[in-house]
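What follows is the content of my_file_15.csv (CSV, C-alpha atoms).
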chain,number,residue,atom,x,y,z
A,357,MET,CA,-9.6,-10.0,-19.6
A,358,GLY,CA,-8.1,-13.0,-17.8
A,359,PHE,CA,-5.9,-10.7,-15.7
A,360,LEU,CA,-8.8,-8.6,-14.7
A,361,CYS,CA,-10.8,-11.6,-13.7
A,362,VAL,CA,-8.0,-12.9,-11.5
A,363,SER,CA,-7.4,-9.4,-10.0
A,364,ASN,CA,-11.0,-9.4,-8.8
A,365,PHE,CA,-10.3,-12.4,-6.5
A,366,VAL,CA,-7.1,-10.8,-5.0
A,367,SER,CA,-7.6,-8.8,-1.9
A,368,LYS,CA,-6.5,-5.2,-1.6
A,369,GLU,CA,-3.8,-6.0,0.9
A,370,THR,CA,-2.3,-8.7,-1.4
A,371,LYS,CA,-2.2,-6.3,-4.3
A,372,ILE,CA,-0.4,-3.7,-2.2
A,373,LEU,CA,2.1,-6.4,-1.0
A,374,LEU,CA,2.8,-7.5,-4.6
A,375,ILE,CA,3.3,-3.9,-5.8
A,376,ARG,CA,5.7,-3.1,-2.9
A,377,LEU,CA,7.6,-6.3,-3.4
A,378,SER,CA,8.1,-5.6,-7.1
A,379,LEU,CA,9.3,-2.1,-6.4
A,380,PHE,CA,11.6,-3.4,-3.7
A,381,TRP,CA,13.3,-6.0,-5.9
A,382,GLY,CA,13.5,-3.4,-8.7
A,383,PHE,CA,15.2,-0.9,-6.3
A,384,LEU,CA,17.6,-3.6,-5.0
A,385,TYR,CA,18.9,-5.0,-8.3
A,386,GLY,CA,18.5,-1.7,-10.2
A,387,GLY,CA,20.6,0.0,-7.5
A,388,ALA,CA,23.1,-2.8,-7.6
A,389,PHE,CA,23.6,-2.3,-11.4
A,390,LEU,CA,23.8,1.5,-10.9
A,391,PHE,CA,26.4,1.4,-8.2
A,392,LYS,CA,28.4,-1.2,-10.1
A,393,MET,CA,28.7,1.1,-13.1
A,394,ILE,CA,29.7,4.1,-10.9
A,395,GLU,CA,32.1,2.5,-8.4
A,396,ASP,CA,33.6,-0.3,-10.5
A,397,LYS,CA,35.6,1.9,-12.9
A,398,ALA,CA,36.9,4.2,-10.2
A,399,THR,CA,37.9,1.3,-8.0
A,400,LYS,CA,39.8,-0.4,-10.7
A,401,GLU,CA,41.6,2.8,-11.6
A,402,GLU,CA,42.7,3.2,-8.0
A,403,ILE,CA,43.9,-0.4,-7.7
A,404,LYS,CA,45.9,0.1,-10.9
A,405,LYS,CA,47.4,3.3,-9.6
A,406,ASN,CA,48.4,1.6,-6.3
A,407,THR,CA,50.0,-1.3,-8.2
A,408,VAL,CA,52.1,1.0,-10.3
A,409,GLU,CA,53.3,2.8,-7.1
A,410,MET,CA,54.2,-0.5,-5.6
A,411,GLU,CA,56.3,-1.5,-8.6
A,412,ILE,CA,58.2,1.8,-8.3
A,413,LEU,CA,58.8,1.2,-4.6
A,414,LYS,CA,60.0,-2.3,-5.4
A,415,ASN,CA,62.6,-1.2,-8.0
A,416,MET,CA,63.9,1.5,-5.6
A,417,ALA,CA,64.2,-1.0,-2.8
A,418,ILE,CA,66.1,-3.5,-4.9
A,419,ASP,CA,68.6,-0.9,-6.0
A,420,LYS,CA,69.0,0.4,-2.5
A,421,TYR,CA,69.1,-2.7,-0.4
A,422,ASN,CA,70.5,-5.2,-3.0
A,423,MET,CA,68.0,-8.0,-2.2
A,424,THR,CA,66.7,-10.8,-4.4
A,425,ASP,CA,63.6,-10.5,-6.5
A,426,ASP,CA,61.9,-13.3,-4.6
A,427,GLU,CA,62.3,-11.6,-1.3
A,428,PHE,CA,61.0,-8.4,-2.6
A,429,ASP,CA,58.1,-10.1,-4.4
A,430,ILE,CA,56.9,-11.4,-1.1
A,431,LEU,CA,57.2,-8.0,0.5
A,432,VAL,CA,55.5,-6.2,-2.4
A,433,ASN,CA,52.6,-8.7,-2.5
A,434,LYS,CA,52.0,-8.1,1.2
A,435,LEU,CA,52.1,-4.4,0.6
A,436,LYS,CA,49.7,-4.8,-2.3
A,437,THR,CA,47.3,-6.8,-0.2
A,438,LYS,CA,47.4,-4.2,2.6
A,439,ALA,CA,47.0,-1.2,0.2
A,440,CYS,CA,44.1,-2.8,-1.7
A,441,ALA,CA,42.4,-4.4,1.3
A,442,ASN,CA,39.8,-1.6,1.6
A,443,LEU,CA,39.1,-1.5,-2.1
A,444,PRO,CA,36.4,-4.1,-2.9
A,445,GLU,CA,35.9,-5.2,-6.5
A,446,TRP,CA,32.5,-3.7,-7.4
A,447,SER,CA,31.0,-6.7,-9.1
A,448,PHE,CA,27.3,-7.2,-9.4
A,449,LYS,CA,27.1,-9.3,-6.2
A,450,HIS,CA,29.2,-6.8,-4.3
A,451,ALA,CA,26.9,-4.0,-5.4
A,452,THR,CA,23.9,-6.1,-4.4
A,453,SER,CA,25.3,-6.6,-1.0
A,454,PHE,CA,25.9,-2.8,-0.6
A,455,THR,CA,22.4,-2.0,-1.9
A,456,LEU,CA,20.8,-4.5,0.5
A,457,GLN,CA,22.7,-3.0,3.5
A,458,LEU,CA,21.6,0.5,2.3
A,459,LEU,CA,17.9,-0.3,1.9
A,460,THR,CA,17.6,-2.2,5.1
A,461,THR,CA,19.7,0.4,7.0
A,462,ILE,CA,22.0,-2.4,8.4
A,463,GLY,CA,25.1,-0.6,7.2
A,464,TYR,CA,28.0,-2.8,8.3
A,465,GLY,CA,30.4,-0.4,6.7
A,466,ASN,CA,32.5,-3.0,5.1
A,467,ILE,CA,31.7,-1.7,1.6
A,468,THR,CA,31.0,2.0,0.9
A,469,PRO,CA,31.0,4.2,-2.2
A,470,ARG,CA,34.3,6.1,-2.7
A,471,THR,CA,33.4,8.4,-5.6
A,472,SER,CA,31.5,11.7,-5.1
A,473,THR,CA,28.9,10.6,-7.7
A,474,GLY,CA,28.3,7.3,-5.8
A,475,GLN,CA,27.9,9.1,-2.5
A,476,ILE,CA,25.4,11.5,-3.9
A,477,ILE,CA,23.5,8.7,-5.6
A,478,THR,CA,23.5,6.9,-2.2
A,479,ILE,CA,21.7,9.8,-0.5
A,480,VAL,CA,19.1,10.1,-3.2
A,481,PHE,CA,18.6,6.3,-3.4
A,482,ALA,CA,18.2,6.0,0.4
A,483,ILE,CA,15.5,8.8,0.5
A,484,PHE,CA,13.2,6.7,-1.7
A,485,GLY,CA,14.5,3.2,-1.1
A,486,ILE,CA,14.4,3.1,2.7
A,487,PRO,CA,10.7,4.1,3.1
A,488,LEU,CA,9.8,1.6,0.3
A,489,THR,CA,11.7,-1.2,2.2
A,490,VAL,CA,9.9,-0.3,5.5
A,491,LEU,CA,6.5,-0.4,3.8
A,492,THR,CA,7.3,-3.7,2.1
A,493,LEU,CA,8.4,-5.4,5.3
A,494,LYS,CA,5.3,-3.9,7.0
A,495,SER,CA,3.0,-5.5,4.4
A,496,ILE,CA,4.8,-8.8,4.7
A,497,GLY,CA,4.5,-8.8,8.5
A,498,GLU,CA,0.8,-7.9,8.4
A,499,GLY,CA,0.1,-10.6,5.9
A,500,TYR,CA,1.9,-13.2,7.8
A,501,ASN,CA,0.1,-12.3,11.0
A,502,ARG,CA,-3.3,-12.5,9.3
A,503,LEU,CA,-2.3,-16.0,8.1
A,504,VAL,CA,-1.3,-17.0,11.6
A,505,LYS,CA,-4.5,-15.6,13.1
A,506,CYS,CA,-6.6,-17.6,10.6
A,507,LEU,CA,-4.6,-20.7,11.4
A,508,ILE,CA,-5.0,-20.3,15.2
A,509,THR,CA,-8.7,-19.7,14.8
A,510,LYS,CA,-9.3,-22.8,12.7
A,511,LEU,CA,-7.2,-25.0,15.0
A,512,GLU,CA,-9.0,-23.8,18.1
A,513,SER,CA,-12.4,-24.2,16.4
A,514,CYS,CA,-11.6,-27.7,15.3
A,515,PHE,CA,-9.9,-29.1,18.4
A,516,CYS,CA,-11.3,-26.9,21.2
A,517,ARG,CA,-14.8,-26.5,19.5
A,518,ARG,CA,-14.9,-22.8,20.3
A,519,GLN,CA,-17.5,-21.0,18.3
A,520,ASN,CA,-17.2,-17.6,20.0
A,521,GLU,CA,-14.3,-15.2,19.8
A,522,ILE,CA,-10.8,-16.6,20.4
A,523,GLN,CA,-9.4,-15.4,23.6
A,524,ASN,CA,-5.9,-13.7,23.7
A,525,LEU,CA,-5.5,-14.1,19.9
A,526,GLU,CA,-3.0,-11.2,19.6
A,527,LEU,CA,-0.9,-12.6,22.5
A,528,LYS,CA,-0.8,-16.1,20.9
A,529,VAL,CA,0.4,-14.6,17.6
A,530,LEU,CA,3.1,-12.5,19.4
A,531,LEU,CA,4.4,-15.5,21.3
A,532,GLY,CA,4.4,-17.6,18.1
A,533,ASN,CA,6.4,-15.0,16.2
A,534,ILE,CA,8.9,-14.6,19.0
A,535,PHE,CA,9.4,-18.4,19.0
A,536,VAL,CA,10.0,-18.5,15.2
A,537,LEU,CA,12.4,-15.5,15.3
A,538,THR,CA,14.3,-17.0,18.1
A,539,THR,CA,14.6,-20.3,16.2
A,540,ILE,CA,15.9,-18.4,13.1
A,541,VAL,CA,18.5,-16.4,15.1
A,542,PHE,CA,19.9,-19.5,16.9
A,543,SER,CA,19.8,-21.5,13.6
A,544,VAL,CA,21.9,-18.9,11.8
A,545,ALA,CA,24.1,-18.6,14.9
A,546,ALA,CA,24.9,-22.3,14.7
A,547,GLU,CA,25.7,-22.0,11.0
A,548,SER,CA,28.0,-19.0,11.7
A,549,GLN,CA,29.8,-21.1,14.3
A,550,ALA,CA,31.1,-23.3,11.5
A,551,GLN,CA,31.6,-20.5,8.9
A,552,ASP,CA,32.9,-17.6,11.0
A,553,GLY,CA,34.3,-19.4,14.1
A,554,TRP,CA,32.0,-17.7,16.5
A,555,SER,CA,30.4,-19.1,19.6
A,556,ILE,CA,26.6,-19.5,19.7
A,557,ARG,CA,26.4,-16.5,22.0
A,558,GLN,CA,28.4,-14.3,19.6
A,559,GLY,CA,26.4,-15.6,16.6
A,560,ALA,CA,23.1,-14.9,18.2
A,561,TYR,CA,24.3,-11.4,19.2
A,562,VAL,CA,25.5,-10.7,15.6
A,563,TRP,CA,22.3,-11.8,13.9
A,564,PHE,CA,20.0,-10.2,16.3
A,565,ILE,CA,21.8,-6.9,15.8
A,566,THR,CA,21.6,-7.5,12.1
A,567,LEU,CA,17.9,-8.3,12.0
A,568,THR,CA,17.1,-5.3,14.1
A,569,THR,CA,19.0,-3.3,11.4
A,570,VAL,CA,21.3,-1.8,14.0
A,571,GLY,CA,24.5,-3.1,12.3
A,572,PHE,CA,27.3,-2.0,14.7
A,573,GLY,CA,29.9,-3.5,12.4
A,574,ASP,CA,32.0,-5.0,15.3
A,575,PHE,CA,31.1,-8.5,14.0
A,576,VAL,CA,30.4,-9.0,10.3
A,577,PRO,CA,29.3,-12.4,8.9
A,578,LYS,CA,31.9,-13.9,6.5
A,579,THR,CA,29.4,-13.9,3.6
A,580,MET,CA,29.0,-10.1,4.0
A,581,MET,CA,32.8,-9.6,4.4
A,582,GLU,CA,33.1,-11.3,1.0
A,583,TYR,CA,30.4,-8.9,-0.3
A,584,GLN,CA,27.8,-11.6,-0.8
A,585,PRO,CA,24.3,-10.9,0.4
A,586,SER,CA,23.3,-13.5,3.0
A,587,GLY,CA,20.3,-15.6,2.3
A,588,TRP,CA,19.0,-15.2,5.9
A,589,ILE,CA,18.7,-11.5,5.9
A,590,ILE,CA,15.4,-11.1,3.9
A,591,PRO,CA,13.5,-13.9,5.6
A,592,GLY,CA,14.8,-12.8,9.0
A,593,LEU,CA,13.8,-9.2,8.4
A,594,CYS,CA,10.3,-10.4,7.4
A,595,PHE,CA,9.9,-12.3,10.6
A,596,MET,CA,11.2,-9.3,12.6
A,597,ALA,CA,8.6,-7.1,10.9
A,598,ALA,CA,6.0,-9.7,11.9
A,599,VAL,CA,7.1,-9.5,15.5
A,600,VAL,CA,7.0,-5.7,15.5
A,601,ASP,CA,3.5,-5.7,13.9
A,602,SER,CA,2.2,-8.3,16.4
A,603,VAL,CA,3.6,-6.2,19.3
A,604,VAL,CA,1.8,-3.2,18.1
A,605,GLU,CA,-1.4,-5.1,17.7
A,606,PHE,CA,-1.1,-6.6,21.2
A,607,VAL,CA,-0.4,-3.2,22.8
A,608,ASN,CA,-3.3,-1.5,20.9
A,609,LYS,CA,-5.7,-4.3,22.0
A,610,ALA,CA,-4.5,-4.0,25.6
A,611,ASP,CA,-5.0,-0.2,25.5
A,612,PHE,CA,-8.5,-0.6,24.1
A,613,GLN,CA,-9.3,-3.2,26.8
A,614,LEU,CA,-7.9,-0.9,29.5
A,615,ASN,CA,-9.9,2.1,28.3
A,616,ARG,CA,-13.1,0.0,28.1
A,617,ASP,CA,-12.6,-1.2,31.7
A,618,ASN,CA,-12.0,2.4,32.9
A,619,SER,CA,-15.2,3.5,31.3
A,620,LYS,CA,-17.1,1.2,33.7
A,621,CYS,CA,-16.1,3.2,36.8
A,622,LEU,CA,-19.0,3.6,39.3
A,623,CYS,CA,-18.4,7.3,39.6
A,624,CYS,CA,-19.3,7.7,35.9
A,625,ASN,CA,-22.8,7.6,34.5
A,626,ASN,CA,-21.8,5.6,31.4
A,627,SER,CA,-21.5,2.2,33.2
A,628,PRO,CA,-24.3,-0.4,33.0
A,629,GLN,CA,-24.6,-0.4,36.8
A,630,SER,CA,-25.1,3.4,37.1
A,631,ALA,CA,-27.4,3.3,34.1
A,632,GLN,CA,-29.5,0.6,35.8
A,633,VAL,CA,-29.6,2.5,39.1
A,634,GLU,CA,-30.7,5.6,37.2
A,635,ASP,CA,-33.4,3.7,35.3
A,636,ASP,CA,-34.7,2.2,38.6
A,637,GLY,CA,-34.8,5.6,40.2
A,638,THR,CA,-36.6,7.1,37.2
A,639,LYS,CA,-39.2,4.3,37.4
A,640,LYS,CA,-39.7,4.8,41.1
A,641,LEU,CA,-40.2,8.6,40.6
A,642,SER,CA,-42.6,8.0,37.8
A,643,SER,CA,-44.7,5.5,39.8
A,644,ASN,CA,-44.8,8.0,42.7
A,645,ASP,CA,-45.9,10.8,40.5
A,646,LEU,CA,-48.7,8.6,39.1
A,647,GLU,CA,-49.9,7.7,42.5
A,648,ILE,CA,-50.0,11.4,43.6
A,649,LYS,CA,-51.8,12.4,40.4
A,650,GLY,CA,-54.3,9.5,40.9
A,651,ALA,CA,-55.1,10.6,44.5
A,652,HIS,CA,-55.5,14.2,43.4
A,653,HIS,CA,-58.0,13.2,40.6
A,654,GLN,CA,-60.0,11.1,43.1
A,655,ARG,CA,-60.3,14.0,45.6
A,656,ARG,CA,-61.3,16.3,42.8
A,657,ASP,CA,-64.0,13.9,41.6
A,658,ALA,CA,-65.3,13.5,45.1
A,659,ASN,CA,-65.6,17.2,45.6
A,660,SER,CA,-67.4,17.6,42.3
A,661,ALA,CA,-70.0,14.9,43.2
A,662,ARG,CA,-70.6,16.5,46.6
A,663,ASP,CA,-71.2,20.0,45.0
A,664,THR,CA,-73.6,18.5,42.6
A,665,LYS,CA,-75.6,16.8,45.4
A,666,PHE,CA,-76.0,20.0,47.2

Will you turn the file into structure tokens for me?
Amino acid sequence: MGFLCVSNFVSKETKILLIRLSLFWGFLYGGAFLFKMIEDKATKEEIKKNTVEMEILKNMAIDKYNMTDDEFDILVNKLKTKACANLPEWSFKHATSFTLQLLTTIGYGNITPRTSTGQIITIVFAIFGIPLTVLTLKSIGEGYNRLVKCLITKLESCFCRRQNEIQNLELKVLLGNIFVLTTIVFSVAAESQAQDGWSIRQGAYVWFITLTTVGFGDFVPKTMMEYQPSGWIIPGLCFMAAVVDSVVEFVNKADFQLNRDNSKCLCCNNSPQSAQVEDDGTKKLSSNDLEIKGAHHQRRDANSARDTKF
């Protein structure tokens, strides 16, 4: 009963947001667990196979070239590193990083499924997971914009004492969201300057490409190269969704305003000026008709009186 009472005070949009968030996090971590089970075993078997092959090559090289074990250990370790460089260890955090890139369509390409089962599961998972992620980010963006609108309305009502409709509300929300997103991008770029050795320009480029889910893969953050999901991706995507939603609202409001202004054309009969002219003309015609009818009745009465007299 207590849950039902609380749910009565929660708006429909909030309920939808909570449901979508729950499904998104379930897809993210459920998918990470699933891909870990599928890919981890196959990857370990391939690494073991490569290690055995390297040991065979090492013994053959020692017998053929008569070199010391230390020299060949260095060579073999380098060869092992090179051979296993593209084989990530599919731990839970690695699988979470891959699932996050899949659901958000970022797709750096630094970690991919190698088994046929994993590739098929990726297709099925993306069909349901990507639309869910889009809807979740859309709900977060709309909710954030409603909060910003409420805040702007209250601030202008208190400080500017405006009781009527707030002017250019959608534009103010859009500019505020762009400012916040720009701050996030350059803040992460500054952090990447220390971690990845990039310049501010490169860092801003990388994170803008990431938050727009383009994901070229020419620059990959160090945390993602180490297969760890970055803590900036989810908040950044939420603010990017808020920017997109505010752009849509602003454009729709501008189109509505433009259509309303076009409906006031003087050549149309729907504008207030044409309606007023039409009403004035109707009134003039009506008054003229009444005057004509009145004169006609007076003449008829005069003729009747004269006929009676005679």

A:Arg616, A:Leu459, A:Phe542, A:Asp419 ranked by distance to Val490 (chain A), top pick (using all atoms listed in the file) =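 Among the listed residues, A:Leu459 lies closest to Val490 (chain A).
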
Coordinates-based distance that separates CA of Gly485 (chain A) from CA of Leu377 (chain A) (Å, one decimal) =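 Separation of CA of Leu377 (chain A) and CA of Gly485 (chain A): 12.0 Å.
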
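Around Leu525 (chain A), within 12 Å and counting all atoms listed in the file, the residues found are A:Asn501, A:Arg502, A:Val504, A:Lys505, A:Cys506, A:Leu507, A:Ile508, A:Thr509, A:Lys510, A:Glu512, A:Leu530, A:Leu531, A:Gly532, A:Ser602, A:Glu605, A:Phe606, A:Lys609, A:Ala610, once anything fewer than 5 positions away on its own chain is removed.
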
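Taking CA of Asn618 (chain A) as the reference point, CA of Ile522 (chain A) is found at 22.8 Å.
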
Could you give me, as a PyMOL selection string, the residues within 9 Å of Ala598 (chain A), counting all atoms listed in the file and dropping anything in the same chain fewer than 5 positions from it?
-> chain A and resi 493-494+496-501+530+533+593+603

Contacts of Thr471 (chain A) at 8 Å or less, counting only C-alpha atoms, minus same-chain residues fewer than 5 places along, as JSON, numbers by chain?
-> {"A": [394, 395, 398]}

Interatomic distance, CA of Lys397 (chain A) to CA of Trp446 (chain A) (Å, one decimal) = 8.4 Å

Nearest residue to Leu390 (chain A) from the set A:Asn433, A:Thr407, A:Ser367, A:Thr473 (distances using all atoms listed in the file) =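 Residue with the minimum atom-to-atom distance to Leu390 (chain A): A:Thr473.
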
List every protein, DNA or RNA residue with an atom no more than 10 Å from (23.3, -7.3, 8.4) in the file's coordinates, counting all atoms listed in the file, and format the result as an MDAnalysis selection string.
-> chainID A and resid 453 456:457 460:464 562:573 575:577 580 585:586 588:590 593

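Look at Ser472 (chain A): the protein and nucleic acid residues within 12 Å of it, using only C-alpha atoms and passing over chain neighbours fewer than 3 places away, are Phe391, Ile394, Glu395, Ala398, Thr468, Pro469, Gln475, Ile476, Ile477, Thr478 and Ile479 of chain A.
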